[in-house]
Amino acid sequence: MIIVKENLSIFGENIEEEILKQICTQYLTVKEFFEEKEELQIRIILCSNKEELKFFSGLDEIGESTTGRAIISENIIVMYTPKAIEENTPKKKENFRGILAHEITHLFYNKRGYPQKLQVINEGLASYIQWVVVNKKEFNEEPDLNNFNLLQEYSRNIYKEGLYLINYLIKKAEKSALFEFLEKIKYFKDQEILMEFNKLLDIKLKGGINQDD
């Protein structure tokens with residue numbers, strides 16, 4: 001079954017109207033957050049079981065908490081249906097909208113050409129939109145800037161650390177300053193990125209933030 005809603009193409013079996021509504025709503029939520037004027041053509045593949053998710057996502061393994069992935073090179077999102085989320089993971093079907101917004105965020109981040117090596121910001125933005133913008137959660141935790149690694153590689157902790165960082169940055173410097181930073185450092189080397197990051201935070205830590213070679 002294929003349903004096309006303007007720039008969104010949705011693939012799956014027995015796609016309910018409520019799911020279509022959520023897809024359109026979360027797309028608009030993320031688009032508005034990025035203040036993006038142009039539409040993004042996205043294909044969304046909704047999977048009913050683990051075998052489908054593994055096949056369409058290309059993942060080698062489907063973990064207990066795996067709900068899907070964004071294939072940024074092709075603007076494709078592969079994820080469980082709300083029912084499959086509840087049947088195959090510890091999460092509830094109500095988590096569908098936040099998870100969907102999380103994956104859509106990765107596609108808009110890539111569309112802007114922001115550095116993929118800043119995974120903590122990429123995942124942090126996606127987690128911020130998932131939990132703060134969509135699910136209306138409040139977080140008062142602040143990142144440990146004295147030990148923060150802006151250029152850290154992927155780990156299970158990157159979602160929480162990234163969420164706290166983005167939440168902190170938006171409260172301290174506002175969203176526009178964050179996007180200005182990301183635009184400015186698109187083609188910067190690592191040391192230049194870290195210097196600009198310190199300017200964004202307007203902090204004077206000894207030696208800066210992880211400016212080791």
# chains A, B, ... in the order shown; residues from 1 in each chain; ligands from 1

call {"tool": "select_by_dssp", "arguments": {"residues": "stretch 28-145 of chain A", "states": "helix (DSSP H, G or I)", "output": "PyMOL selection string"}}
result
chain A and resi 28-33+50-57+82-88+93-111+119-134+145

call {"tool": "closest_atom_pairs", "arguments": {"of": "stretch 85-130 of chain A", "to": "stretch 23-41 of chain A", "cutoff": "9 Å", "atoms": "only C-alpha atoms", "output": "Markdown table"}}
result
| residue | atom | partner | partner_atom | distance |
| --- | --- | --- | --- | --- |
| A:Arg97 | CA | A:Gln26 | CA | 6.7 |
| A:Gly98 | CA | A:Gln26 | CA | 8.0 |
| A:Leu100 | CA | A:Gln26 | CA | 7.0 |
| A:Ala101 | CA | A:Gln26 | CA | 5.4 |
| A:His102 | CA | A:Val30 | CA | 8.7 |
| A:Ile104 | CA | A:Tyr27 | CA | 6.7 |
| A:Thr105 | CA | A:Val30 | CA | 6.2 |
| A:Leu107 | CA | A:Leu40 | CA | 8.4 |
| A:Phe108 | CA | A:Lys31 | CA | 7.6 |
| A:Tyr109 | CA | A:Phe34 | CA | 8.5 |
| A:Lys111 | CA | A:Leu40 | CA | 8.2 |
| A:Ile129 | CA | A:Val30 | CA | 7.4 |

call {"tool": "write_last_selection", "arguments": {"atoms": "N, CA and C atoms", "output": "PDB file, in the first residue's frame"}}
result
ATOM      1  N   ARG A  97       4.847   9.188  17.568  1.00  0.00           N
ATOM      2  CA  ARG A  97       4.967  10.552  17.039  1.00  0.00           C
ATOM      3  C   ARG A  97       6.326  11.173  17.367  1.00  0.00           C
ATOM      4  N   GLY A  98       6.814  10.948  18.592  1.00  0.00           N
ATOM      5  CA  GLY A  98       8.109  11.501  18.961  1.00  0.00           C
ATOM      6  C   GLY A  98       9.249  10.844  18.214  1.00  0.00           C
ATOM      7  N   LEU A 100       9.055   9.411  15.280  1.00  0.00           N
ATOM      8  CA  LEU A 100       8.960   9.879  13.896  1.00  0.00           C
ATOM      9  C   LEU A 100       9.586  11.261  13.752  1.00  0.00           C
ATOM     10  N   ALA A 101       9.258  12.181  14.660  1.00  0.00           N
ATOM     11  CA  ALA A 101       9.832  13.530  14.613  1.00  0.00           C
ATOM     12  C   ALA A 101      11.353  13.478  14.753  1.00  0.00           C
ATOM     13  N   HIS A 102      11.843  12.577  15.586  1.00  0.00           N
ATOM     14  CA  HIS A 102      13.287  12.386  15.777  1.00  0.00           C
ATOM     15  C   HIS A 102      13.959  12.049  14.444  1.00  0.00           C
ATOM     16  N   ILE A 104      12.736  12.442  11.349  1.00  0.00           N
ATOM     17  CA  ILE A 104      12.562  13.525  10.377  1.00  0.00           C
ATOM     18  C   ILE A 104      13.595  14.626  10.623  1.00  0.00           C
ATOM     19  N   THR A 105      13.912  14.875  11.885  1.00  0.00           N
ATOM     20  CA  THR A 105      14.910  15.886  12.237  1.00  0.00           C
ATOM     21  C   THR A 105      16.252  15.582  11.586  1.00  0.00           C
ATOM     22  N   LEU A 107      16.795  14.182   8.803  1.00  0.00           N
ATOM     23  CA  LEU A 107      16.731  14.502   7.374  1.00  0.00           C
ATOM     24  C   LEU A 107      16.843  16.009   7.138  1.00  0.00           C
ATOM     25  N   PHE A 108      16.214  16.810   7.987  1.00  0.00           N
ATOM     26  CA  PHE A 108      16.326  18.267   7.838  1.00  0.00           C
ATOM     27  C   PHE A 108      17.734  18.741   8.207  1.00  0.00           C
ATOM     28  N   TYR A 109      18.336  18.126   9.216  1.00  0.00           N
ATOM     29  CA  TYR A 109      19.717  18.438   9.595  1.00  0.00           C
ATOM     30  C   TYR A 109      20.637  18.191   8.402  1.00  0.00           C
ATOM     31  N   LYS A 111      19.693  18.046   5.216  1.00  0.00           N
ATOM     32  CA  LYS A 111      19.308  18.965   4.134  1.00  0.00           C
ATOM     33  C   LYS A 111      20.039  20.294   4.269  1.00  0.00           C
ATOM     34  N   ILE A 129      13.739  17.741  19.853  1.00  0.00           N
ATOM     35  CA  ILE A 129      12.444  17.850  19.175  1.00  0.00           C
ATOM     36  C   ILE A 129      11.516  16.724  19.614  1.00  0.00           C
TER      37      ILE A 129
END

call {"tool": "closest_residue", "arguments": {"among": "A:Val132, A:Ile85, A:Leu163, A:Ile71", "to": "A:Asn110", "atoms": "only C-alpha atoms"}}
result
A:Ile71

call {"tool": "atom_distance", "arguments": {"atom1": "atom CA of A:Ile42", "atom2": "atom CA of A:Leu20"}}
result
13.4 Å

call {"tool": "residues_around", "arguments": {"residues": "stretch 143-151 of chain A", "least_positions_apart": "2", "cutoff": "7 Å", "atoms": "only C-alpha atoms", "output": "PyMOL selection string"}}
result
chain A and resi 117-118+120+141+153+161+164-165+209-210

call {"tool": "write_last_selection", "arguments": {"atoms": "C-alpha atoms", "output": "short mmCIF file (atom, residue, chain, number, x, y, z; two decimals), in the first residue's frame"}}
result
data_model
loop_
_atom_site.label_atom_id
_atom_site.label_comp_id
_atom_site.auth_asym_id
_atom_site.auth_seq_id
_atom_site.Cartn_x
_atom_site.Cartn_y
_atom_site.Cartn_z
CA LYS A 117 30.59 14.50 12.54
CA LEU A 118 28.85 16.58 15.21
CA VAL A 120 26.07 14.88 19.66
CA GLU A 141 19.81 19.10 33.73
CA GLU A 153 31.68 9.40 18.33
CA GLU A 161 24.16 14.26 26.50
CA TYR A 164 20.93 18.30 27.64
CA LEU A 165 23.35 20.28 25.47
CA ILE A 209 36.37 22.53 25.46
CA ASN A 210 38.35 19.47 24.41
#

call {"tool": "select_by_dssp", "arguments": {"residues": "stretch 9-83 of chain A", "states": "strand (DSSP E or B)", "output": "list of chain:residue names"}}
result
A:Ser9, A:Ile10, A:Phe11, A:Ile42, A:Arg43, A:Ile44, A:Ile45, A:Leu46, A:Cys47, A:Gly68, A:Arg69, A:Ala70, A:Ile71, A:Ile76, A:Ile77, A:Val78, A:Met79, A:Tyr80

call {"tool": "atom_distance", "arguments": {"atom1": "atom CA of A:Glu94", "atom2": "atom CA of A:Phe139"}}
result
20.2 Å

call {"tool": "closest_residue", "arguments": {"among": "A:Leu200, A:Ile158, A:Ile10, A:Ile62", "to": "A:Phe179", "atoms": "only C-alpha atoms"}}
result
A:Leu200

call {"tool": "atom_distance", "arguments": {"atom1": "atom CA of A:Phe56", "atom2": "atom CA of A:Ile15"}}
result
17.2 Å

call {"tool": "residues_around", "arguments": {"residues": "A:Lys92", "least_positions_apart": "4", "cutoff": "12 Å", "atoms": "only C-alpha atoms", "output": "PyMOL selection string"}}
result
chain A and resi 65+67+80-88+96-99

call {"tool": "write_last_selection", "arguments": {"atoms": "C-alpha atoms", "output": "PDB file, in the first residue's frame"}}
result
ATOM      1  CA  SER A  65      14.948  -0.737  21.732  1.00  0.00           C
ATOM      2  CA  THR A  67      12.409   1.438  16.430  1.00  0.00           C
ATOM      3  CA  TYR A  80       7.790   0.431  13.126  1.00  0.00           C
ATOM      4  CA  THR A  81       4.089   1.207  13.060  1.00  0.00           C
ATOM      5  CA  PRO A  82       2.653   2.297  16.439  1.00  0.00           C
ATOM      6  CA  LYS A  83       1.358  -1.230  17.023  1.00  0.00           C
ATOM      7  CA  ALA A  84       4.704  -2.807  16.106  1.00  0.00           C
ATOM      8  CA  ILE A  85       6.545  -0.428  18.471  1.00  0.00           C
ATOM      9  CA  GLU A  86       4.507  -1.806  21.351  1.00  0.00           C
ATOM     10  CA  GLU A  87       4.847  -5.426  20.197  1.00  0.00           C
ATOM     11  CA  ASN A  88       8.611  -5.384  19.530  1.00  0.00           C
ATOM     12  CA  PHE A  96       5.371   6.819  17.605  1.00  0.00           C
ATOM     13  CA  ARG A  97       4.967  10.552  17.039  1.00  0.00           C
ATOM     14  CA  GLY A  98       8.109  11.501  18.961  1.00  0.00           C
ATOM     15  CA  ILE A  99      10.201   8.789  17.316  1.00  0.00           C
TER      16      ILE A  99
END
